[in-house]
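Peer 1: Sharing model.txt here; it has compact mmCIF, C-alpha atoms.
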# COMPACT_ATOMS: atom_id res chain seq x y z
CA MET A 1 7.19 7.58 58.53
CA ASN A 2 3.72 7.02 60.08
CA GLN A 3 3.71 10.56 61.39
CA ILE A 4 4.49 11.94 57.90
CA PHE A 5 1.71 9.78 56.47
CA ARG A 6 -0.82 11.01 59.06
CA GLU A 7 0.15 14.66 58.54
CA ASN A 8 -0.34 14.38 54.77
CA LEU A 9 -3.30 12.01 54.80
CA LYS A 10 -5.77 14.62 53.55
CA TYR A 11 -3.52 15.45 50.57
CA ILE A 12 -3.05 11.78 49.72
CA LEU A 13 -6.82 11.19 49.90
CA ALA A 14 -7.43 14.26 47.73
CA VAL A 15 -5.04 12.95 45.06
CA LEU A 16 -6.67 9.49 45.15
CA ILE A 17 -10.16 10.99 44.82
CA VAL A 18 -9.12 13.22 41.90
CA TRP A 19 -7.41 10.25 40.22
CA ALA A 20 -10.45 8.01 40.73
CA ILE A 21 -12.69 10.66 39.13
CA THR A 22 -10.43 11.52 36.18
CA PHE A 23 -9.08 8.03 35.40
CA PRO A 24 -12.11 6.89 33.31
CA TRP A 25 -11.95 10.11 31.27
CA ILE A 26 -8.19 9.75 30.74
CA LEU A 27 -8.62 6.13 29.69
CA ARG A 28 -11.36 7.04 27.22
CA ASN A 29 -9.40 9.95 25.71
CA LYS A 30 -5.90 8.52 25.93
CA ASP A 31 -5.30 8.67 22.16
CA THR A 32 -6.23 12.37 21.99
CA ILE A 33 -4.08 13.16 25.01
CA LEU A 34 -1.07 11.29 23.60
CA ALA A 35 -1.53 13.05 20.24
CA LYS A 36 -1.47 16.46 21.95
CA ILE A 37 1.61 15.50 23.94
CA THR A 38 3.31 14.38 20.70
CA LEU A 39 2.33 17.65 18.99
CA THR A 40 3.75 19.67 21.87
CA TYR A 41 6.92 17.56 21.83
CA ASN A 42 7.32 18.08 18.08
CA SER A 43 6.72 21.83 18.31
CA PHE A 44 9.30 22.09 21.09
CA PHE A 45 12.01 20.53 18.91
CA GLY A 46 10.77 22.14 15.71
CA TYR A 47 8.81 20.37 12.99
CA PRO A 48 9.80 19.04 10.62
CA ASN A 49 13.28 18.49 11.99
CA PRO A 50 15.50 16.61 9.51
CA ARG A 51 18.38 16.55 11.99
CA ILE A 52 16.42 14.48 14.52
CA ALA A 53 14.97 12.31 11.75
CA HIS A 54 18.41 11.53 10.35
CA GLN A 55 19.79 10.75 13.81
CA LEU A 56 16.99 8.24 14.45
CA ILE A 57 17.45 6.69 11.00
CA ALA A 58 21.18 6.35 11.66
CA LYS A 59 20.42 4.47 14.88
CA GLY A 60 18.14 2.08 13.01
CA ASP A 61 20.77 1.58 10.32
CA ALA A 62 23.38 0.83 12.96
CA VAL A 63 21.22 -1.94 14.43
CA LEU A 64 20.84 -3.58 11.01
CA ASP A 65 24.49 -3.09 10.04
CA GLY A 66 25.58 -4.84 13.23
CA ARG A 67 23.38 -7.81 12.34
CA ARG A 68 24.72 -7.94 8.80
CA GLU A 69 28.12 -8.49 10.35
CA GLY A 70 26.72 -11.57 12.10
CA GLY A 71 26.68 -9.89 15.50
CA THR A 72 24.60 -11.38 18.29
CA ASP A 73 24.62 -11.77 22.02
CA PHE A 74 26.12 -14.60 24.09
CA LEU A 75 22.84 -16.37 24.94
CA GLN A 76 21.82 -16.51 21.29
CA THR A 77 25.21 -17.97 20.38
CA ILE A 78 24.84 -20.74 22.98
CA ASN A 79 21.25 -21.49 21.94
CA GLN A 80 22.19 -21.59 18.26
CA PHE A 81 25.10 -23.94 18.97
CA PHE A 82 22.81 -26.59 20.49
CA THR A 83 19.96 -26.22 17.98
CA ALA A 84 21.75 -25.68 14.69
CA GLU A 85 22.75 -28.38 12.26
CA GLU A 86 26.30 -29.65 12.16
CA ASN A 87 27.44 -27.44 9.30
CA THR A 88 26.27 -24.22 10.98
CA LYS A 89 27.02 -24.89 14.67
CA GLY A 90 28.84 -22.11 16.43
CA THR A 91 27.90 -19.53 13.79
CA ILE A 92 25.12 -16.99 13.55
CA LEU A 93 24.07 -16.38 9.99
CA PRO A 94 24.15 -12.65 9.18
CA LEU A 95 21.04 -10.61 8.52
CA ASP A 96 19.64 -10.67 5.00
CA LEU A 97 16.36 -8.72 4.82
CA ALA A 98 15.46 -10.30 1.48
CA LEU A 99 15.81 -13.77 3.01
CA MET A 100 13.68 -12.75 5.99
CA GLU A 101 10.99 -11.49 3.62
CA LYS A 102 11.17 -14.77 1.72
CA ALA A 103 10.79 -16.73 4.97
CA CYS A 104 7.79 -14.61 5.92
CA LEU A 105 6.07 -15.22 2.59
CA TYR A 106 6.96 -18.93 2.72
CA PHE A 107 5.31 -19.54 6.08
CA ARG A 108 2.30 -17.38 5.23
CA SER A 109 1.73 -19.58 2.20
CA LYS A 110 1.94 -22.66 4.47
CA GLU A 111 -0.36 -21.38 7.24
CA HIS A 112 -2.47 -24.52 7.46
CA VAL A 113 0.29 -27.05 6.88
CA GLU A 114 1.49 -29.29 9.73
CA ASP A 115 4.93 -28.38 11.09
CA HIS A 116 6.56 -31.68 10.17
CA PHE A 117 5.65 -31.08 6.51
CA LEU A 118 7.49 -27.76 6.59
CA GLU A 119 10.92 -29.31 7.18
CA LEU A 120 13.10 -28.38 4.23
CA THR A 121 15.11 -30.94 2.31
CA TRP A 122 18.88 -30.66 1.86
CA ARG A 123 18.37 -29.70 -1.77
CA GLU A 124 15.86 -26.96 -0.87
CA LYS A 125 18.23 -25.46 1.69
CA ALA A 126 21.11 -25.54 -0.76
CA SER A 127 19.21 -24.10 -3.74
CA ASP A 128 16.48 -21.88 -2.27
CA TRP A 129 17.70 -20.53 1.05
CA GLY A 130 21.24 -19.43 0.43
CA SER A 131 22.51 -15.86 0.50
CA PRO A 132 25.68 -14.17 -0.76
CA LEU A 133 26.23 -13.03 2.83
CA PHE A 134 26.63 -16.66 3.90
CA GLN A 135 29.39 -17.53 1.44
CA ARG A 136 32.11 -15.79 3.44
CA MET A 137 31.25 -18.07 6.37
CA ALA A 138 31.66 -21.31 4.40
CA PRO A 139 34.93 -23.22 4.90
CA GLN A 140 37.15 -23.39 1.84
CA GLY A 141 35.66 -25.71 -0.74
CA GLU A 142 32.57 -26.60 1.35
CA LEU A 143 28.93 -25.82 0.71
CA LEU A 144 27.11 -23.89 3.43
CA LEU A 145 23.46 -24.83 3.50
CA GLY A 146 20.81 -22.18 3.99
CA PRO A 147 19.09 -21.90 7.37
CA ASN A 148 15.82 -23.23 8.61
CA PRO A 149 13.62 -20.29 7.52
CA LYS A 150 11.63 -20.10 10.76
CA GLU A 151 14.68 -20.25 13.02
CA TYR A 152 16.53 -17.74 10.85
CA TRP A 153 13.60 -15.30 10.94
CA ASN A 154 13.26 -15.65 14.72
CA SER A 155 16.99 -15.08 15.23
CA HIS A 156 16.82 -11.57 13.73
CA ILE A 157 13.25 -10.35 14.22
CA GLU A 158 13.93 -8.44 17.47
CA ALA A 159 16.71 -6.42 15.83
CA VAL A 160 14.60 -5.72 12.74
CA LEU A 161 11.68 -4.53 14.89
CA THR A 162 14.06 -2.28 16.83
CA ALA A 163 15.19 -0.70 13.56
CA LEU A 164 11.56 -0.38 12.47
CA ASP A 165 10.78 1.47 15.70
CA TYR A 166 13.62 3.96 15.06
CA TYR A 167 12.40 4.55 11.51
CA LYS A 168 8.81 5.10 12.66
CA ARG A 169 10.02 7.62 15.25
CA ALA A 170 12.01 9.35 12.50
CA LEU A 171 8.81 9.61 10.44
CA ARG A 172 7.40 12.01 13.07
CA PHE A 173 10.15 14.52 12.23
CA SER A 174 10.89 13.88 8.54
CA GLY A 175 8.05 16.01 7.12
CA PRO A 176 8.11 16.01 3.28
CA GLU A 177 11.31 13.92 3.12
CA LEU A 178 10.76 10.42 1.71
CA ILE A 179 13.72 8.74 3.38
CA ALA A 180 11.85 7.50 6.49
CA PRO A 181 9.01 5.76 4.57
CA LYS A 182 11.58 4.05 2.34
CA LYS A 183 13.48 2.80 5.39
CA ILE A 184 10.24 1.53 6.92
CA GLU A 185 9.44 -0.31 3.71
CA SER A 186 12.86 -1.99 3.71
CA VAL A 187 12.21 -3.69 7.06
CA ALA A 188 8.40 -3.98 7.10
CA TRP A 189 8.33 -6.75 4.49
CA ALA A 190 11.02 -8.65 6.39
CA SER A 191 9.10 -8.39 9.66
CA CYS A 192 5.81 -9.57 8.09
CA ARG A 193 4.20 -6.16 8.65
CA PRO A 194 3.22 -4.81 5.20
CA SER A 195 0.57 -2.57 6.80
CA GLU A 196 3.44 -0.46 8.20
CA ILE A 197 4.37 0.45 4.61
CA LEU A 198 0.90 1.71 3.87
CA LEU A 199 0.88 3.73 7.08
CA ALA A 200 4.31 5.20 6.32
CA TYR A 201 3.49 6.41 2.82
CA LYS A 202 0.07 7.68 3.82
CA THR A 203 1.69 9.60 6.69
CA HIS A 204 4.22 11.06 4.26
CA MET A 205 1.40 12.13 1.95
CA VAL A 206 -0.54 13.84 4.74
CA GLU A 207 2.55 15.45 6.30
CA THR A 208 3.66 16.82 2.92
CA GLU A 209 0.26 18.39 2.31
CA THR A 210 0.14 19.79 5.85
CA TYR A 211 3.63 21.26 5.48
CA VAL A 212 2.83 22.92 2.14
CA LEU A 213 -0.49 24.29 3.43
CA LYS A 214 1.26 25.86 6.42
CA LYS A 215 3.94 27.42 4.19
CA LEU A 216 1.29 28.83 1.86
CA ALA A 217 -0.72 30.15 4.81
CA ASP A 218 2.39 31.86 6.22
CA LEU A 219 2.88 33.54 2.83
CA GLU A 220 -0.84 34.46 2.79
CA LYS A 221 -1.39 32.54 -0.44
CA VAL A 222 -4.46 30.63 0.77
CA PRO A 223 -7.68 32.62 0.21
CA SER A 224 -10.05 32.65 3.16
CA GLY A 225 -13.31 30.75 3.07
CA LEU A 226 -12.04 27.81 1.03
CA SER A 227 -13.49 24.36 1.61
CA ALA A 228 -11.24 21.41 2.50
CA VAL A 229 -11.36 20.17 -1.11
CA GLN A 230 -10.44 23.61 -2.47
CA LYS A 231 -7.54 23.90 -0.03
CA ARG A 232 -6.29 20.51 -1.18
CA SER A 233 -6.41 21.68 -4.80
CA VAL A 234 -4.29 24.72 -3.88
CA VAL A 235 -1.81 22.47 -2.07
CA LEU A 236 -1.58 19.94 -4.93
CA SER A 237 -1.04 22.73 -7.42
CA SER A 238 1.79 24.10 -5.29
CA ILE A 239 3.42 20.67 -4.97
CA LYS A 240 3.18 20.07 -8.72
CA ARG A 241 4.78 23.47 -9.44
CA SER A 242 7.58 22.70 -6.92
CA ASP A 243 7.03 26.03 -5.16
CA PHE A 244 9.20 24.93 -2.22
CA SER A 245 12.63 23.40 -2.76
CA GLU A 246 12.28 21.07 0.24
CA VAL A 247 9.12 19.49 -1.24
CA SER A 248 9.67 17.11 -4.15
CA ALA A 249 6.74 16.53 -6.51
CA ASN A 250 8.32 13.23 -7.59
CA ASP A 251 8.60 12.04 -3.98
CA TYR A 252 4.99 12.96 -3.32
CA LEU A 253 3.76 11.15 -6.45
CA GLU A 254 5.88 8.11 -5.57
CA SER A 255 4.27 8.08 -2.15
CA LEU A 256 0.83 8.00 -3.79
CA LEU A 257 1.78 5.23 -6.20
CA ARG A 258 3.39 3.12 -3.49
CA GLN A 259 0.16 3.09 -1.54
CA ILE A 260 -1.51 1.42 -4.52
CA LEU A 261 1.17 -0.62 -6.24
CA LEU A 262 3.05 -2.12 -3.29
CA THR A 263 0.20 -2.95 -0.97
CA GLY A 264 -2.68 -3.44 -3.39
CA MET A 265 -4.65 -1.04 -1.18
CA LYS A 266 -5.94 -4.04 0.74
CA ASN A 267 -5.95 -2.13 4.02
CA PHE A 268 -7.68 0.94 2.59
CA SER A 269 -11.38 1.55 2.49
CA PRO A 270 -12.72 2.14 -1.06
CA ARG A 271 -13.35 5.81 -0.31
CA GLU A 272 -9.78 6.28 0.87
CA MET A 273 -8.66 4.68 -2.38
CA ASP A 274 -10.75 7.19 -4.30
CA ASP A 275 -8.94 10.06 -2.58
CA ILE A 276 -5.61 8.59 -3.68
CA TYR A 277 -6.79 8.14 -7.27
CA GLU A 278 -8.01 11.74 -7.33
CA ARG A 279 -4.57 12.97 -6.32
CA ILE A 280 -2.80 10.73 -8.85
CA LEU A 281 -5.04 11.81 -11.71
CA TYR A 282 -4.34 15.44 -10.84
CA PHE A 283 -0.60 14.82 -11.08
CA VAL A 284 -0.39 12.65 -14.18
CA GLY A 285 -2.58 15.04 -16.19
CA ALA A 286 -4.96 14.25 -19.03
CA ASP A 287 -2.22 14.44 -21.67
CA GLU A 288 -0.11 11.58 -20.26
CA ARG A 289 -0.43 7.86 -21.00
CA GLU A 290 -0.85 6.92 -17.36
CA TYR A 291 -4.03 8.99 -17.17
CA LEU A 292 -6.14 6.39 -19.03
CA LYS A 293 -4.86 3.55 -16.87
CA PHE A 294 -5.70 5.27 -13.61
CA LYS A 295 -9.06 6.45 -14.95
CA PHE A 296 -9.86 2.79 -15.64
CA ARG A 297 -8.79 1.75 -12.14
CA ARG A 298 -10.87 4.47 -10.55
CA ALA A 299 -13.85 3.35 -12.65
CA GLU A 300 -13.34 -0.22 -11.41
CA LEU A 301 -13.42 1.13 -7.86
CA TYR A 302 -16.74 2.88 -8.51
CA PHE A 303 -18.08 -0.30 -10.07
CA GLN A 304 -17.15 -2.17 -6.87
CA LEU A 305 -18.89 0.49 -4.77
CA GLY A 306 -21.95 0.15 -6.97
CA LYS A 307 -22.68 -3.18 -5.31
CA GLU A 308 -23.49 -1.23 -2.13
CA ASP A 309 -24.80 2.01 -3.62
CA ASN A 310 -26.39 1.92 -7.08
CA THR A 311 -25.48 5.55 -7.82
CA TYR A 312 -21.81 4.57 -8.14
CA TYR A 313 -22.61 2.60 -11.31
CA GLN A 314 -23.40 5.95 -12.95
CA LYS A 315 -20.03 7.31 -11.84
CA ALA A 316 -18.35 4.13 -13.08
CA SER A 317 -20.01 4.56 -16.48
CA ILE A 318 -18.69 8.12 -16.79
CA GLU A 319 -15.16 7.12 -15.74
CA PHE A 320 -15.06 4.13 -18.12
CA LYS A 321 -16.22 6.39 -20.95
CA GLU A 322 -13.39 8.86 -20.23
CA SER A 323 -10.94 5.97 -19.94
CA SER A 324 -11.92 4.78 -23.42
CA ASN A 325 -10.95 8.11 -24.99
CA ILE A 326 -7.64 6.89 -26.41
CA GLN A 327 -7.20 10.08 -28.45
CA LEU A 328 -5.62 11.51 -25.29
CA ALA A 329 -2.66 9.16 -25.72
CA SER A 330 -2.70 7.93 -29.33
CA GLU A 331 -0.41 10.69 -30.57
CA LEU A 332 2.31 10.10 -27.99
CA GLU A 333 5.65 8.87 -29.26
CA ASP A 334 6.49 5.16 -28.99
CA ILE A 335 2.91 4.38 -27.94
CA ASN A 336 1.81 0.75 -28.15
CA LEU A 337 -1.22 1.24 -30.38
CA PRO A 338 -2.48 -2.40 -30.34
CA ALA A 339 -2.44 -2.41 -26.53
CA LEU A 340 -4.21 0.96 -26.55
CA LEU A 341 -6.96 -0.47 -28.77
CA VAL A 342 -7.42 -3.39 -26.38
CA HIS A 343 -7.72 -0.89 -23.50
CA GLU A 344 -10.37 1.06 -25.44
CA PHE A 345 -12.36 -2.12 -26.15
CA GLU A 346 -12.26 -3.27 -22.52
CA SER A 347 -13.25 0.18 -21.23
CA LYS A 348 -16.26 0.24 -23.56
CA ILE A 349 -17.37 -3.20 -22.35
CA LYS A 350 -17.16 -2.06 -18.72
CA GLN A 351 -19.10 1.10 -19.57
CA ALA A 352 -21.82 -1.06 -21.14
CA GLU A 353 -21.81 -3.33 -18.08
CA SER A 354 -22.25 -0.32 -15.78
CA LEU A 355 -25.26 0.77 -17.81
CA TYR A 356 -26.58 -2.79 -17.68
CA LYS A 357 -26.40 -2.63 -13.86
CA LEU A 358 -28.41 0.60 -14.06
CA LYS A 359 -31.00 -1.26 -16.20
CA GLU A 360 -30.32 1.07 -19.11
CA TYR A 361 -30.31 -1.85 -21.53
CA ASN A 362 -30.78 0.11 -24.78
CA LYS A 363 -27.80 2.37 -24.05
CA SER A 364 -25.73 -0.70 -23.11
CA LEU A 365 -26.66 -2.45 -26.36
CA THR A 366 -25.78 0.65 -28.41
CA ILE A 367 -22.23 0.53 -27.01
CA LEU A 368 -21.93 -3.22 -27.58
CA ASP A 369 -23.13 -2.86 -31.18
CA SER A 370 -20.53 -0.14 -31.76
CA LEU A 371 -17.83 -2.63 -30.72
CA LYS A 372 -18.70 -5.24 -33.38
CA PRO A 373 -16.49 -3.63 -36.06
CA LYS A 374 -13.67 -3.48 -33.49
CA LEU A 375 -13.66 -7.16 -32.53
CA ARG A 376 -10.50 -7.62 -34.57
CA ASN A 377 -8.70 -5.34 -32.07
CA VAL A 378 -8.90 -8.12 -29.46
CA ASP A 379 -9.00 -11.13 -31.79
CA GLU A 380 -5.81 -10.86 -33.83
CA ARG A 381 -2.16 -11.77 -33.40
CA SER A 382 -1.19 -8.12 -33.66
CA VAL A 383 -2.24 -7.67 -30.02
CA GLY A 384 -0.23 -10.61 -28.72
CA GLY A 385 -2.85 -13.28 -29.22
CA LYS A 386 -6.57 -13.62 -28.82
CA LYS A 387 -7.92 -11.91 -25.69
CA ASP A 388 -10.22 -14.70 -24.56
CA ASP A 389 -11.34 -13.14 -21.27
CA ILE A 390 -12.33 -9.87 -22.94
CA LEU A 391 -14.16 -11.65 -25.74
CA LYS A 392 -15.96 -13.89 -23.27
CA ASN A 393 -17.13 -10.87 -21.26
CA TYR A 394 -18.28 -9.17 -24.45
CA HIS A 395 -20.38 -12.12 -25.64
CA ASN A 396 -21.83 -12.88 -22.19
CA LEU A 397 -22.86 -9.25 -21.65
CA ASN A 398 -24.28 -9.00 -25.16
CA ARG A 399 -26.34 -12.12 -24.55
CA SER A 400 -27.64 -10.85 -21.20
CA VAL A 401 -28.63 -7.44 -22.60
CA LEU A 402 -30.50 -8.97 -25.53
CA ARG A 403 -32.45 -11.23 -23.19
CA LYS A 404 -33.39 -8.30 -20.95
CA LEU A 405 -34.77 -6.61 -24.07
CA GLY A 406 -36.78 -9.72 -24.95
CA ARG A 407 -34.70 -10.50 -28.03
CA TYR A 408 -34.20 -14.14 -27.10
CA GLU A 409 -33.57 -15.51 -30.60
CA GLU A 410 -30.68 -13.08 -31.19
CA ALA A 411 -29.27 -13.91 -27.76
CA ASP A 412 -29.40 -17.64 -28.48
CA GLU A 413 -27.48 -17.11 -31.73
CA ILE A 414 -24.41 -16.06 -29.76
CA PRO A 415 -22.37 -19.27 -29.21
CA PHE A 416 -21.27 -20.02 -25.64
CA ASN A 417 -17.87 -21.29 -26.75
CA GLU A 418 -16.78 -17.96 -28.19
Step by step, read the file and then write its structure as structure tokens.
Peer 2:
Amino acid sequence: MNQIFRENLKYILAVLIVWAITFPWILRNKDTILAKITLTYNSFFGYPNPRIAHQLIAKGDAVLDGRREGGTDFLQTINQFFTAEENTKGTILPLDLALMEKACLYFRSKEHVEDHFLELTWREKASDWGSPLFQRMAPQGELLLGPNPKEYWNSHIEAVLTALDYYKRALRFSGPELIAPKKIESVAWASCRPSEILLAYKTHMVETETYVLKKLADLEKVPSGLSAVQKRSVVLSSIKRSDFSEVSANDYLESLLRQILLTGMKNFSPREMDDIYERILYFVGADEREYLKFKFRRAELYFQLGKEDNTYYQKASIEFKESSNIQLASELEDINLPALLVHEFESKIKQAESLYKLKEYNKSLTILDSLKPKLRNVDERSVGGKKDDILKNYHNLNRSVLRKLGRYEEADEIPFNE
């Protein structure tokens, strides 16, 4: 052995020297290296590859299905026997993802509460923490209490995370299919990882666009010299037209909406949010009722950005003005006209507020004055009751604008209790 070592010493030293030199570079660029390895791996097996994606999803499903049957290992059974209450000893309560999600939300809402105050009462366990899955385990005629939420969550979390890992691996191969993100969503809430949902749907969005762009490029339908924004417009147009049978416009739009509606965009930067709104507005089209709603939301985003960059208030003003154009939706069938009038009034107020932030007080006052004949739209029973918040904003903004213009007497005439 020593002789072999001595004979190969120079090679061993050479390897160690090379490793010592390259290790800092590898450590610094590990993410790029791993991404290239993943890309090579995917290209070797073909991408997208629904067969591999479905196999991985099936493995994740199998893990969860086994848990729904109450399956567990021997050590968990022994541990549960000594720690469980009398009515549940010797049993492992089956997996219920909805109950795990409830437990997650419960303990997040009690983050700063002492542990001994978290102990559930008998009534709470019986009324709040039951599950239809548990009923089959109850002896005839007896009530099976729900579990301790923390212990129940801990008893299944490893299996749920294993399934989540399979679903995330499937996402690498699923391409424009929406099945993997939906599977990730089903377990991410239960495992207290809502950010995984956002990542899944954003990945689906990007992968769908990448897939369509590649297909269009292969068919030579992408003109040369286009900017990134122009290429995206070509891709979105293709998705909306359903040029490729394997790409669903509805799935793509759902992926966009999920990023906003399910996660509240809390983990997105404002500029990322703007990209999503731009895509949604392209899909809903100016002739659909959802267009005004998303225009308003995008305007609110610009208004938020205006706190950091004053130029965004100008963009917000333009978007609020477009959002107030209810003629785009007023002729639609079964439209809720009173609610539409409230939307118009609120959009106009926000437009005036944006102009106020830009110190364009005369323009702001012109808009506010134009709303005086429309006060009844937010102050009558026909709209489901008086809209106090909207009215309060209207009067406060009106008062502030008048004071900025030096019209103090008129401002003081506006009652504060309105």
Peer 1: For A:Lys359, list every protein, DNA or RNA residue within 12 Å, evaluated using only C-alpha atoms, and leave out those in the same chain fewer than 6 positions away; present the list as an mmCIF file with C-alpha atoms, in the frame of the given file.
Peer 2:
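Final file, out.cif:
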data_model
loop_
_atom_site.group_PDB
_atom_site.id
_atom_site.type_symbol
_atom_site.label_atom_id
_atom_site.label_comp_id
_atom_site.auth_asym_id
_atom_site.auth_seq_id
_atom_site.Cartn_x
_atom_site.Cartn_y
_atom_site.Cartn_z
ATOM 1 C CA ASN A 310 -26.390 1.920 -7.080
ATOM 2 C CA TYR A 313 -22.610 2.600 -11.310
ATOM 3 C CA GLN A 314 -23.400 5.950 -12.950
ATOM 4 C CA ALA A 352 -21.820 -1.060 -21.140
ATOM 5 C CA GLU A 353 -21.810 -3.330 -18.080
ATOM 6 C CA LEU A 365 -26.660 -2.450 -26.360
ATOM 7 C CA SER A 400 -27.640 -10.850 -21.200
ATOM 8 C CA VAL A 401 -28.630 -7.440 -22.600
ATOM 9 C CA LYS A 404 -33.390 -8.300 -20.950
ATOM 10 C CA LEU A 405 -34.770 -6.610 -24.070
#
Peer 1: Which value, in Å to one decimal, gives the distance between atom CA of A:Pro149 and atom CA of A:Ala103?
Peer 2: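 Separation of atom CA of A:Pro149 and atom CA of A:Ala103: 5.2 Å.
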Peer 1: To one decimal in Å, tell me the separation between atom CA of A:Gln259 and atom CA of A:Ala329.
Peer 2: 25.1 Å
Peer 1: Select, from A:Gln55, A:Ser323, A:Ser186, A:Ser238, the residue with the minimum atom-to-atom distance to A:Tyr166, counting only C-alpha atoms.
Peer 2: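 Checking each candidate against A:Tyr166, we get A:Gln55 as the closest.
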Peer 1: Just want the 10 Å neighbourhood of A:Thr203, counted on all atoms listed in the file, with same-chain residues fewer than 5 positions away dropped. Output as a ChimeraX atom specification.
Peer 2: /A:171-172,175-176,181,197-198,208-209,255
Peer 1: Quote the spacing between atom CA of A:Glu177 and atom CA of A:Leu253 in Å to one decimal place.
Peer 2: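 It comes out at 12.5 Å.
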Peer 1: Residues within 12 Å of stretch 221-224 of chain A, please, as a list in words. Count all atoms listed in the file; anything in the same chain fewer than 2 positions from it doesn't count.
Peer 2: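 Contacts, with the query itself left out: Val212, Leu213, Lys214, Lys215, Leu216, Ala217, Asp218, Leu219, Leu226, Ser227, Ala228, Gln230, Lys231, Arg232, Ser233, Val234, Val235, Ser237, Ser238 and Asp243 of chain A.
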Peer 1: What's the 12 Å shell around A:Leu199, counting all atoms listed in the file, without same-chain residues fewer than 2 positions away, as a list in words?
Peer 2: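 These residues fall inside the cut-off: Lys168, Leu171, Ala180, Pro181, Lys182, Ile184, Glu185, Ala188, Arg193, Pro194, Ser195, Glu196, Ile197, Tyr201, Lys202, Thr203, His204, Met205, Val206, Glu207, Ser255, Leu256, Arg258, Gln259, Thr263, Met265, Asn267 and Phe268 of chain A.
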Peer 1: Need to verify the contact set: A:Arg51, 9 Å, all atoms listed in the file, exclusion of same-chain residues closer than 4 positions in sequence. Can you return it as a ChimeraX atom specification?
Peer 2: /A:55-56,173-174
Peer 1: I need the residue nearest A:Pro48 from this list: A:Leu164, A:Ala170, A:Ile33, A:Leu93. Use all atoms listed in the file for the distance.
Peer 2: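 Comparing A:Leu164, A:Ala170, A:Ile33, A:Leu93 against A:Pro48, the winner is A:Ala170.
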